[in-house]
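Q: This is run_3.cif, which holds mmCIF, C-alpha atoms and all ligand atoms:
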```
data_entry
loop_
_atom_site.label_atom_id
_atom_site.label_comp_id
_atom_site.auth_asym_id
_atom_site.auth_seq_id
_atom_site.Cartn_x
_atom_site.Cartn_y
_atom_site.Cartn_z
CA ASP A 1 -18.06 154.27 228.90
CA ALA A 2 -15.68 151.43 229.78
CA LEU A 3 -13.75 151.95 226.54
CA LEU A 4 -13.65 155.71 227.16
CA ALA A 5 -12.39 155.24 230.74
CA GLY A 6 -9.70 152.85 229.51
CA ALA A 7 -8.63 155.34 226.83
CA ARG A 8 -8.48 158.17 229.46
CA ALA A 9 -6.39 156.01 231.77
CA ARG A 10 -3.96 155.22 228.93
CA GLU A 11 -3.88 158.88 227.94
CA ASN A 12 -3.00 159.87 231.54
CA GLN A 13 -0.35 157.20 231.70
CA ALA A 14 1.14 158.37 228.39
CA LEU A 15 1.13 161.95 229.71
CA ARG A 16 2.90 160.93 232.93
CA LEU A 17 5.42 158.97 230.91
CA LEU A 18 5.97 162.00 228.67
CA ILE A 19 6.44 164.34 231.66
CA GLY A 20 8.75 161.79 233.31
CA SER A 21 10.93 161.34 230.25
CA ALA A 22 10.99 165.11 229.62
CA THR A 23 12.15 165.68 233.22
CA VAL A 24 14.83 162.99 232.88
CA THR A 25 15.98 164.57 229.57
CA ILE A 26 16.20 168.03 231.18
CA LEU A 27 18.11 166.64 234.17
CA VAL A 28 20.53 164.73 231.92
CA GLY A 29 20.95 167.91 229.81
CA LEU A 30 21.70 169.96 232.93
CA ALA A 31 24.17 167.36 234.22
CA MET A 32 25.90 167.32 230.83
CA ALA A 33 26.04 171.13 230.74
CA LEU A 34 27.58 171.24 234.25
CA TYR A 35 30.07 168.50 233.37
CA ALA A 36 31.05 170.22 230.10
CA ARG A 37 31.47 173.51 231.98
CA ARG A 38 33.71 171.84 234.55
CA VAL A 39 35.79 170.17 231.87
CA LEU A 40 35.97 173.16 229.51
CA ARG A 41 36.62 175.90 232.13
CA PRO A 42 40.34 175.03 232.54
CA LEU A 43 40.61 174.82 228.75
CA GLY A 44 39.18 178.37 228.62
CA LEU A 45 41.81 179.47 231.16
CA VAL A 46 44.59 177.92 229.07
CA THR A 47 43.21 179.61 225.94
CA ARG A 48 43.05 183.01 227.66
CA ARG A 49 46.60 182.54 228.97
CA ALA A 50 47.79 181.60 225.45
CA GLU A 51 46.18 184.79 224.10
CA ALA A 52 47.90 186.88 226.81
CA VAL A 53 51.26 185.27 225.96
CA ALA A 54 50.66 185.98 222.27
CA HIS A 55 50.23 189.64 223.28
CA GLY A 56 53.60 189.60 225.03
CA ASP A 57 52.73 188.78 228.66
CA LEU A 58 55.63 186.49 229.67
CA THR A 59 55.24 186.87 233.44
CA ALA A 60 55.42 183.60 235.36
CA HIS A 61 52.04 182.02 236.28
CA GLU A 62 51.20 178.93 238.29
CA PRO A 63 49.99 176.09 236.02
CA ILE A 64 46.37 174.93 236.43
CA ASP A 65 46.09 172.52 239.33
CA ALA A 66 44.54 169.48 237.66
CA SER A 67 45.73 165.91 237.30
CA ASP A 68 44.22 165.41 233.83
CA GLU A 69 45.51 166.23 230.34
CA ILE A 70 44.59 169.92 230.68
CA GLY A 71 46.71 170.19 233.85
CA GLU A 72 49.56 168.55 231.96
CA LEU A 73 49.06 170.90 228.99
CA SER A 74 49.06 173.93 231.29
CA LYS A 75 52.25 172.76 233.04
CA THR A 76 54.04 172.24 229.71
CA PHE A 77 52.77 175.59 228.44
CA GLU A 78 53.98 177.51 231.53
CA GLY A 79 57.35 175.74 231.23
CA MET A 80 57.57 176.91 227.64
CA VAL A 81 56.64 180.50 228.60
CA GLY A 82 59.39 180.44 231.27
CA ALA A 83 61.93 179.22 228.71
CA ILE A 84 60.92 181.97 226.26
CA ALA A 85 61.18 184.63 229.00
CA GLN A 86 64.66 183.40 229.95
CA ALA A 87 65.80 183.26 226.32
CA ASN A 88 64.49 186.83 225.84
CA ALA A 89 66.37 188.07 228.90
CA GLU A 90 69.58 186.37 227.74
CA LEU A 91 69.19 187.85 224.27
CA LEU A 92 68.66 191.30 225.75
CA THR A 93 71.78 190.97 227.90
CA ALA A 94 73.82 189.73 224.93
CA GLU A 95 72.56 192.60 222.76
CA ARG A 96 73.32 195.15 225.47
CA LEU A 97 76.81 193.76 225.93
CA ALA A 98 77.39 193.78 222.18
CA THR A 99 76.33 197.44 222.00
CA ILE A 100 78.53 198.32 224.98
CA GLY A 101 81.37 196.47 223.27
CA LYS A 102 81.04 198.53 220.10
CA MET A 103 80.75 201.82 221.98
CA ALA A 104 83.60 200.90 224.28
CA ALA A 105 85.88 200.04 221.39
CA GLN A 106 85.32 203.48 219.87
CA ILE A 107 85.43 205.55 223.03
CA THR A 108 88.36 203.69 224.51
CA HIS A 109 90.25 204.11 221.27
CA GLU A 110 89.72 207.90 221.53
CA VAL A 111 90.47 208.11 225.25
CA ARG A 112 93.47 205.82 225.63
CA ASN A 113 96.11 207.92 223.91
CA PRO A 114 95.34 211.15 225.79
CA LEU A 115 95.16 209.11 229.00
CA SER A 116 98.59 207.59 228.57
CA SER A 117 100.16 210.97 227.75
CA LEU A 118 98.37 212.38 230.83
CA ALA A 119 99.89 209.61 232.95
CA LEU A 120 103.31 210.30 231.51
CA ASN A 121 103.02 214.06 232.08
CA VAL A 122 101.84 213.55 235.66
CA ASP A 123 104.94 211.42 236.28
CA LEU A 124 107.12 214.24 234.91
CA LEU A 125 105.22 216.77 237.00
CA GLU A 126 105.78 214.66 240.11
CA GLU A 127 109.53 214.93 239.58
CA GLN A 128 109.23 218.72 239.10
CA VAL A 129 107.20 219.54 242.22
CA GLY A 130 109.94 218.29 244.52
CA SER A 131 109.11 218.31 248.21
CA ASP A 132 106.14 220.71 248.21
CA ALA A 133 103.64 218.60 250.19
CA GLU A 134 100.50 220.33 248.91
CA ALA A 135 101.58 220.05 245.25
CA ARG A 136 102.55 216.42 245.77
CA ALA A 137 99.13 215.66 247.22
CA LEU A 138 97.46 217.28 244.19
CA VAL A 139 99.65 215.35 241.76
CA ALA A 140 98.88 212.13 243.64
CA ALA A 141 95.14 212.86 243.36
CA ILE A 142 95.45 213.44 239.59
CA LYS A 143 97.47 210.25 239.26
CA GLY A 144 94.83 208.30 241.17
CA GLU A 145 92.08 209.57 238.88
CA VAL A 146 94.11 208.83 235.74
CA ASP A 147 94.73 205.28 237.00
CA ARG A 148 91.03 204.86 237.71
CA LEU A 149 90.10 206.04 234.21
CA THR A 150 92.69 203.73 232.67
CA GLU A 151 91.28 200.79 234.62
CA LEU A 152 87.75 201.77 233.61
CA SER A 153 88.66 201.94 229.93
CA GLU A 154 90.38 198.54 230.28
CA ARG A 155 87.15 197.11 231.69
CA TYR A 156 85.07 198.45 228.83
CA LEU A 157 87.66 197.23 226.39
CA SER A 158 87.46 193.72 227.84
CA VAL A 159 83.77 193.74 226.83
CA ALA A 160 84.72 194.80 223.31
CA ARG A 161 87.43 192.15 223.06
CA ARG A 162 85.19 189.30 224.13
CA SER A 163 85.47 186.33 221.82
CA ARG A 164 84.38 182.71 221.72
CA PRO A 165 86.27 180.69 224.33
CA GLN A 166 89.25 178.82 222.89
CA LEU A 167 88.88 175.58 224.85
CA GLU A 168 91.98 173.72 225.87
CA ASP A 169 92.74 170.93 228.30
CA GLU A 170 93.80 172.83 231.47
CA ASP A 171 94.29 172.06 235.13
CA ILE A 172 91.62 174.26 236.71
CA VAL A 173 93.31 173.99 240.14
CA GLU A 174 96.59 175.38 238.83
CA LEU A 175 94.76 178.03 236.81
CA THR A 176 92.82 179.20 239.89
CA ARG A 177 95.97 179.17 242.05
CA GLY A 178 97.65 181.45 239.48
CA ALA A 179 94.71 183.89 239.41
CA LEU A 180 94.66 184.00 243.23
CA ALA A 181 98.41 184.68 243.33
CA THR A 182 97.80 187.77 241.15
CA LEU A 183 95.21 188.99 243.64
CA GLN A 184 97.25 188.20 246.76
CA PRO A 185 98.95 191.65 247.07
CA GLU A 186 95.65 193.56 247.11
CA LEU A 187 94.16 191.03 249.56
CA THR A 188 97.17 191.35 251.87
CA ARG A 189 96.97 195.16 251.68
CA GLN A 190 93.35 194.98 252.91
CA ARG A 191 94.25 192.30 255.49
CA VAL A 192 91.83 189.83 253.89
CA GLU A 193 92.50 186.18 254.66
CA LEU A 194 92.35 183.87 251.64
CA LYS A 195 91.78 180.13 251.91
CA PHE A 196 92.01 177.83 248.91
CA SER A 197 90.84 174.21 249.04
CA ALA A 198 91.06 171.98 245.99
CA PRO A 199 92.12 168.50 244.93
CA LYS A 200 95.67 168.07 243.59
CA GLU A 201 94.66 168.33 239.97
CA LEU A 202 91.42 168.61 237.96
CA ARG A 203 91.58 168.67 234.18
CA CYS A 204 88.95 170.71 232.34
CA TRP A 205 88.41 172.06 228.84
CA VAL A 206 88.37 175.83 229.37
CA ASP A 207 89.69 179.07 227.93
CA GLU A 208 92.45 179.88 230.41
CA GLY A 209 92.33 183.67 229.98
CA GLN A 210 88.55 183.87 230.28
CA ILE A 211 88.23 181.61 233.34
CA ARG A 212 91.06 183.55 234.94
CA GLN A 213 89.06 186.74 234.37
CA VAL A 214 85.98 185.09 235.95
CA ILE A 215 87.93 184.16 239.10
CA ILE A 216 89.55 187.58 239.34
CA ASN A 217 86.15 189.33 238.92
CA LEU A 218 84.50 187.24 241.63
CA VAL A 219 87.34 187.38 244.17
CA ARG A 220 87.75 191.12 243.62
CA ASN A 221 84.02 191.64 244.17
CA ALA A 222 84.27 189.58 247.36
CA ARG A 223 87.21 191.70 248.54
CA GLU A 224 85.31 194.89 247.81
CA ALA A 225 82.38 193.59 249.88
CA LEU A 226 84.69 193.05 252.87
CA GLY A 227 86.17 195.38 255.40
CA PRO A 228 89.64 194.78 256.82
CA ASP A 229 90.11 191.32 258.39
CA GLY A 230 87.49 189.70 256.18
CA LYS A 231 87.73 186.17 254.86
CA ILE A 232 87.49 184.73 251.35
CA GLU A 233 87.36 181.01 250.71
CA VAL A 234 87.77 179.51 247.25
CA THR A 235 86.86 175.85 246.88
CA ILE A 236 87.08 173.56 243.86
CA SER A 237 85.48 170.13 243.80
CA ALA A 238 84.70 167.48 241.22
CA GLN A 239 80.92 167.05 241.07
CA ASP A 240 80.86 163.91 238.96
CA ALA A 241 82.69 162.60 235.89
CA ASP A 242 81.26 165.48 233.84
CA GLY A 243 81.49 168.62 235.95
CA VAL A 244 83.47 170.68 238.42
CA GLU A 245 82.16 173.21 240.90
CA LEU A 246 83.93 176.35 242.04
CA TRP A 247 82.75 178.20 245.14
CA ILE A 248 83.80 181.70 246.04
CA ASP A 249 82.68 182.51 249.57
CA ASP A 250 83.09 185.68 251.56
CA ASN A 251 81.95 186.67 255.02
CA GLY A 252 80.91 190.19 253.99
CA ALA A 253 77.59 191.95 254.45
CA GLY A 254 75.85 189.75 251.85
CA ILE A 255 73.41 190.79 249.14
CA ASP A 256 69.73 191.42 249.77
CA SER A 257 67.26 189.35 247.76
CA SER A 258 65.99 192.27 245.63
CA ALA A 259 69.55 193.14 244.52
CA ARG A 260 70.35 189.47 243.89
CA GLU A 261 67.71 189.38 241.12
CA HIS A 262 69.61 192.03 239.13
CA LEU A 263 73.22 191.07 239.90
CA PHE A 264 74.02 189.67 236.47
CA GLU A 265 72.39 192.49 234.48
CA PRO A 266 74.80 194.86 232.69
CA PHE A 267 75.19 198.21 234.55
CA PHE A 268 73.73 196.95 237.84
CA THR A 269 76.02 198.31 240.53
CA THR A 270 75.76 199.53 244.11
CA LYS A 271 79.30 200.94 244.11
CA LYS A 272 80.15 204.61 243.71
CA HIS A 273 82.64 203.94 240.92
CA GLY A 274 81.28 200.58 239.75
CA THR A 275 80.56 199.81 236.09
CA GLY A 276 78.14 196.97 236.79
CA LEU A 277 79.81 194.97 234.01
CA GLY A 278 81.87 192.45 235.99
CA LEU A 279 79.13 189.94 236.76
CA ALA A 280 77.42 190.36 233.37
CA ILE A 281 80.69 189.46 231.61
CA THR A 282 81.36 186.70 234.12
CA ARG A 283 78.00 185.07 233.37
CA GLU A 284 78.53 185.41 229.61
CA ILE A 285 81.89 183.65 229.86
CA VAL A 286 80.58 180.86 232.08
CA GLU A 287 77.59 180.25 229.79
CA ALA A 288 79.81 180.30 226.69
CA HIS A 289 81.62 177.39 228.40
CA ARG A 290 78.19 175.67 228.75
CA GLY A 291 78.45 176.23 232.49
CA ARG A 292 76.16 177.86 235.06
CA ILE A 293 76.69 180.52 237.70
CA ARG A 294 74.50 181.38 240.65
CA CYS A 295 74.70 183.51 243.74
CA GLU A 296 73.32 182.45 247.09
CA PRO A 297 73.55 183.65 250.66
CA ARG A 298 76.25 181.81 252.58
CA PRO A 299 74.79 179.75 255.45
CA SER A 300 77.02 181.44 258.06
CA GLY A 301 76.62 184.98 256.63
CA GLY A 302 78.10 186.64 253.55
CA THR A 303 77.87 185.62 249.92
CA ARG A 304 78.61 182.51 247.89
CA PHE A 305 79.04 182.42 244.12
CA VAL A 306 78.85 178.94 242.61
CA ILE A 307 80.19 178.16 239.13
CA GLN A 308 79.56 174.83 237.48
CA LEU A 309 81.73 173.95 234.51
CA PRO A 310 81.57 170.90 232.29
CA VAL A 311 84.77 168.88 232.12
CA LYS A 312 84.50 167.81 228.47
CA PRO A 313 84.33 170.10 225.43
CA ALA A 314 80.99 170.47 223.61
P1 LIG B 1 80.64 196.38 239.91
O1 LIG B 1 81.68 195.61 240.69
O2 LIG B 1 81.25 197.33 238.92
O3 LIG B 1 79.60 197.03 240.77
P2 LIG B 1 79.61 193.78 239.18
O4 LIG B 1 78.75 193.36 238.05
O5 LIG B 1 80.89 193.06 239.36
O6 LIG B 1 79.86 195.34 238.99
O7 LIG B 1 78.79 193.66 240.54
C1 LIG B 1 77.46 194.16 240.61
C2 LIG B 1 77.04 194.36 242.05
O8 LIG B 1 76.90 193.10 242.69
C3 LIG B 1 78.01 195.12 242.92
O9 LIG B 1 77.86 196.51 242.78
C4 LIG B 1 77.64 194.63 244.33
O10 LIG B 1 76.54 195.36 244.82
C5 LIG B 1 77.13 193.23 244.10
N1 LIG B 1 78.11 192.20 244.49
C6 LIG B 1 78.87 191.44 243.68
N2 LIG B 1 79.62 190.56 244.39
C7 LIG B 1 79.32 190.77 245.68
C8 LIG B 1 79.74 190.16 246.93
N3 LIG B 1 80.65 189.18 246.97
N4 LIG B 1 79.19 190.62 248.09
C9 LIG B 1 78.27 191.61 248.06
N5 LIG B 1 77.83 192.21 246.93
C10 LIG B 1 78.33 191.81 245.75
#
```
Give the structure from the file, written as structure tokens.
Ligand code: ADP
A:
Amino acid sequence: DALLAGARARENQALRLLIGSATVTILVGLAMALYARRVLRPLGLVTRRAEAVAHGDLTAHEPIDASDEIGELSKTFEGMVGAIAQANAELLTAERLATIGKMAAQITHEVRNPLSSLALNVDLLEEQVGSDAEARALVAAIKGEVDRLTELSERYLSVARRSRPQLEDEDIVELTRGALATLQPELTRQRVELKFSAPKELRCWVDEGQIRQVIINLVRNAREALGPDGKIEVTISAQDADGVELWIDDNGAGIDSSAREHLFEPFFTTKKHGTGLGLAITREIVEAHRGRIRCEPRPSGGTRFVIQLPVKPA
């Protein structure tokens, strides 16, 4: 009996031990499963995001908020997606501009000759109509339209003629002053006040003709955004030993944030007779110089375009 009781007691003890260790094993298993789930869930999110990107979804997402390696991986991955999206957009713009260039070269070639003979004939007609006020007004209207078409074809042609910038050591202050002098008559006609602030001289490696076109495009846009008695301020400053910054400020109505997103896209225009090519070409030129351009609201109302250009050649 004593031996049997001892054996039963040991058996019970062994059973308790077994139940205890089984419970501990299950609890450890559960804890491990929960831990693995917590650790692997962000990895699952990153994997799903990678699959979506592989299927072409390049929309911007917030990276996973974690301070471990997976958070780091997600941040790097989202950065990479952003870079791909930007490269895609730039490629699309470049392709569009190249197509416009080809079309423009052909169409402009066809249209230019008839346009110049039209202009010539209208001049002759103007001499013929003499003092008849109504006929003179009609001739003036035709002349205006011919001039507009000529200017339009010139704009398209400037897209076709775009070439790599031929960088030379130029004084950007003198270059800008020259471009502004060209614009002065149209600014005076509209009673727009122009202020130019710059150091005495700032040497830069730029393509004179192309940077001149950039300044003319931006100041002309600013003028078109202003009524009479508006103000335009052009400022040049040396940022550091490597870069200069050019600001073109106006005190016009400004640009709303939704339009600002599309400003540099080819064909985006809010003007009745706009081509929507000016800013697209401007950005292309600035980026071909390894520079940057951005548009921001001016603190005291109106618009500011900022161009950053490197001082040294690539
Ligand atoms: P376009 O002048 O033919 O419209 P752009 O590419 O030069 O083409 O300009 C695109 C649009 O950007 C304009 O239609 C205008 O709405 C806006 N924009 C550009 N510059 C300014 C400015 N300084 N102030 C307000 N709007 C501007």
Q: Could you tell me how far CA of Ala105 (chain A) lies from CA of Val139 (chain A), in Å and to one decimal?
A: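 Those two atoms sit 29.0 Å apart.
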Q: Rounded to one decimal, what separation in Å do you get between CA of Ser116 (chain A) and CA of Arg164 (chain A)?
A: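 Computing it gives 29.5 Å between the two atoms.
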Q: Determine, for each residue of chain A having at least one atom at most 10 Å from an atom of ligand LIG 1 (chain B), the closest pair of atoms and their separation in Å to one decimal, counting only C-alpha atoms and all ligand atoms; order by chain and ascending number, as JSON lines.
A:
```
{"residue": "A:Leu152", "atom": "CA", "partner": "B:LIG1", "partner_atom": "O2", "distance": 9.5}
{"residue": "A:Arg155", "atom": "CA", "partner": "B:LIG1", "partner_atom": "O2", "distance": 9.3}
{"residue": "A:Asn217", "atom": "CA", "partner": "B:LIG1", "partner_atom": "O5", "distance": 6.5}
{"residue": "A:Leu218", "atom": "CA", "partner": "B:LIG1", "partner_atom": "N2", "distance": 6.5}
{"residue": "A:Val219", "atom": "CA", "partner": "B:LIG1", "partner_atom": "N3", "distance": 7.5}
{"residue": "A:Arg220", "atom": "CA", "partner": "B:LIG1", "partner_atom": "N3", "distance": 8.1}
{"residue": "A:Asn221", "atom": "CA", "partner": "B:LIG1", "partner_atom": "N2", "distance": 4.5}
{"residue": "A:Ala222", "atom": "CA", "partner": "B:LIG1", "partner_atom": "N3", "distance": 3.7}
{"residue": "A:Arg223", "atom": "CA", "partner": "B:LIG1", "partner_atom": "N3", "distance": 7.2}
{"residue": "A:Glu224", "atom": "CA", "partner": "B:LIG1", "partner_atom": "C8", "distance": 7.4}
{"residue": "A:Ala225", "atom": "CA", "partner": "B:LIG1", "partner_atom": "N4", "distance": 4.7}
{"residue": "A:Leu226", "atom": "CA", "partner": "B:LIG1", "partner_atom": "N4", "distance": 7.7}
{"residue": "A:Ile232", "atom": "CA", "partner": "B:LIG1", "partner_atom": "N3", "distance": 9.3}
{"residue": "A:Ile248", "atom": "CA", "partner": "B:LIG1", "partner_atom": "N3", "distance": 8.2}
{"residue": "A:Asp249", "atom": "CA", "partner": "B:LIG1", "partner_atom": "N3", "distance": 7.4}
{"residue": "A:Asp250", "atom": "CA", "partner": "B:LIG1", "partner_atom": "N3", "distance": 6.3}
{"residue": "A:Asn251", "atom": "CA", "partner": "B:LIG1", "partner_atom": "N4", "distance": 8.4}
{"residue": "A:Gly252", "atom": "CA", "partner": "B:LIG1", "partner_atom": "N4", "distance": 6.2}
{"residue": "A:Ala253", "atom": "CA", "partner": "B:LIG1", "partner_atom": "C9", "distance": 6.4}
{"residue": "A:Gly254", "atom": "CA", "partner": "B:LIG1", "partner_atom": "C9", "distance": 4.9}
{"residue": "A:Ile255", "atom": "CA", "partner": "B:LIG1", "partner_atom": "C9", "distance": 5.0}
{"residue": "A:Asp256", "atom": "CA", "partner": "B:LIG1", "partner_atom": "N5", "distance": 8.6}
{"residue": "A:Ala259", "atom": "CA", "partner": "B:LIG1", "partner_atom": "O10", "distance": 7.3}
{"residue": "A:Arg260", "atom": "CA", "partner": "B:LIG1", "partner_atom": "O8", "distance": 7.6}
{"residue": "A:His262", "atom": "CA", "partner": "B:LIG1", "partner_atom": "O8", "distance": 8.2}
{"residue": "A:Leu263", "atom": "CA", "partner": "B:LIG1", "partner_atom": "O8", "distance": 5.0}
{"residue": "A:Phe264", "atom": "CA", "partner": "B:LIG1", "partner_atom": "O4", "distance": 6.2}
{"residue": "A:Glu265", "atom": "CA", "partner": "B:LIG1", "partner_atom": "O4", "distance": 7.3}
{"residue": "A:Pro266", "atom": "CA", "partner": "B:LIG1", "partner_atom": "O4", "distance": 6.8}
{"residue": "A:Phe267", "atom": "CA", "partner": "B:LIG1", "partner_atom": "O4", "distance": 7.0}
{"residue": "A:Phe268", "atom": "CA", "partner": "B:LIG1", "partner_atom": "C1", "distance": 5.4}
{"residue": "A:Thr269", "atom": "CA", "partner": "B:LIG1", "partner_atom": "O9", "distance": 3.4}
{"residue": "A:Thr270", "atom": "CA", "partner": "B:LIG1", "partner_atom": "O9", "distance": 3.9}
{"residue": "A:Lys271", "atom": "CA", "partner": "B:LIG1", "partner_atom": "O9", "distance": 4.8}
{"residue": "A:Lys272", "atom": "CA", "partner": "B:LIG1", "partner_atom": "O3", "distance": 8.1}
{"residue": "A:His273", "atom": "CA", "partner": "B:LIG1", "partner_atom": "O2", "distance": 7.0}
{"residue": "A:Gly274", "atom": "CA", "partner": "B:LIG1", "partner_atom": "O2", "distance": 3.4}
{"residue": "A:Thr275", "atom": "CA", "partner": "B:LIG1", "partner_atom": "O2", "distance": 3.8}
{"residue": "A:Gly276", "atom": "CA", "partner": "B:LIG1", "partner_atom": "O6", "distance": 3.2}
{"residue": "A:Leu277", "atom": "CA", "partner": "B:LIG1", "partner_atom": "O4", "distance": 4.5}
{"residue": "A:Gly278", "atom": "CA", "partner": "B:LIG1", "partner_atom": "O5", "distance": 3.6}
{"residue": "A:Leu279", "atom": "CA", "partner": "B:LIG1", "partner_atom": "O4", "distance": 3.7}
{"residue": "A:Ala280", "atom": "CA", "partner": "B:LIG1", "partner_atom": "O4", "distance": 5.7}
{"residue": "A:Ile281", "atom": "CA", "partner": "B:LIG1", "partner_atom": "O4", "distance": 7.8}
{"residue": "A:Thr282", "atom": "CA", "partner": "B:LIG1", "partner_atom": "O4", "distance": 8.2}
{"residue": "A:Arg283", "atom": "CA", "partner": "B:LIG1", "partner_atom": "O4", "distance": 9.5}
{"residue": "A:Cys295", "atom": "CA", "partner": "B:LIG1", "partner_atom": "N2", "distance": 8.6}
{"residue": "A:Glu296", "atom": "CA", "partner": "B:LIG1", "partner_atom": "N3", "distance": 10.0}
{"residue": "A:Pro297", "atom": "CA", "partner": "B:LIG1", "partner_atom": "N4", "distance": 9.3}
{"residue": "A:Gly302", "atom": "CA", "partner": "B:LIG1", "partner_atom": "N4", "distance": 6.8}
{"residue": "A:Thr303", "atom": "CA", "partner": "B:LIG1", "partner_atom": "N3", "distance": 5.4}
{"residue": "A:Arg304", "atom": "CA", "partner": "B:LIG1", "partner_atom": "N3", "distance": 7.0}
{"residue": "A:Phe305", "atom": "CA", "partner": "B:LIG1", "partner_atom": "N3", "distance": 7.5}
```
Q: Where's the centre, and what are the edge lengths in Å to one decimal, of a box along x, y and z enclosing all listed atoms of region 295-310 of chain A padded 5 Å per side, as AutoDock Vina command-line options?
A:
```
--center_x 77.5 --center_y 178.8 --center_z 245.2 --size_x 18.4 --size_y 25.7 --size_z 35.8
```
Q: Which residues are near region 52-61 of chain A? Cut-off 12 Å, only C-alpha atoms, ignore same chain within fewer than 2 positions. Put them as a list of chain:residue names.
A: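 Contacts, in chain order: A:Leu45, A:Val46, A:Thr47, A:Arg48, A:Arg49, A:Ala50, A:Pro63, A:Ile64, A:Asp65, A:Ser74, A:Lys75, A:Thr76, A:Phe77, A:Glu78, A:Gly79, A:Met80, A:Val81, A:Gly82, A:Ala83, A:Ile84, A:Ala85, A:Gln86, A:Ala87, A:Asn88, A:Ala89.
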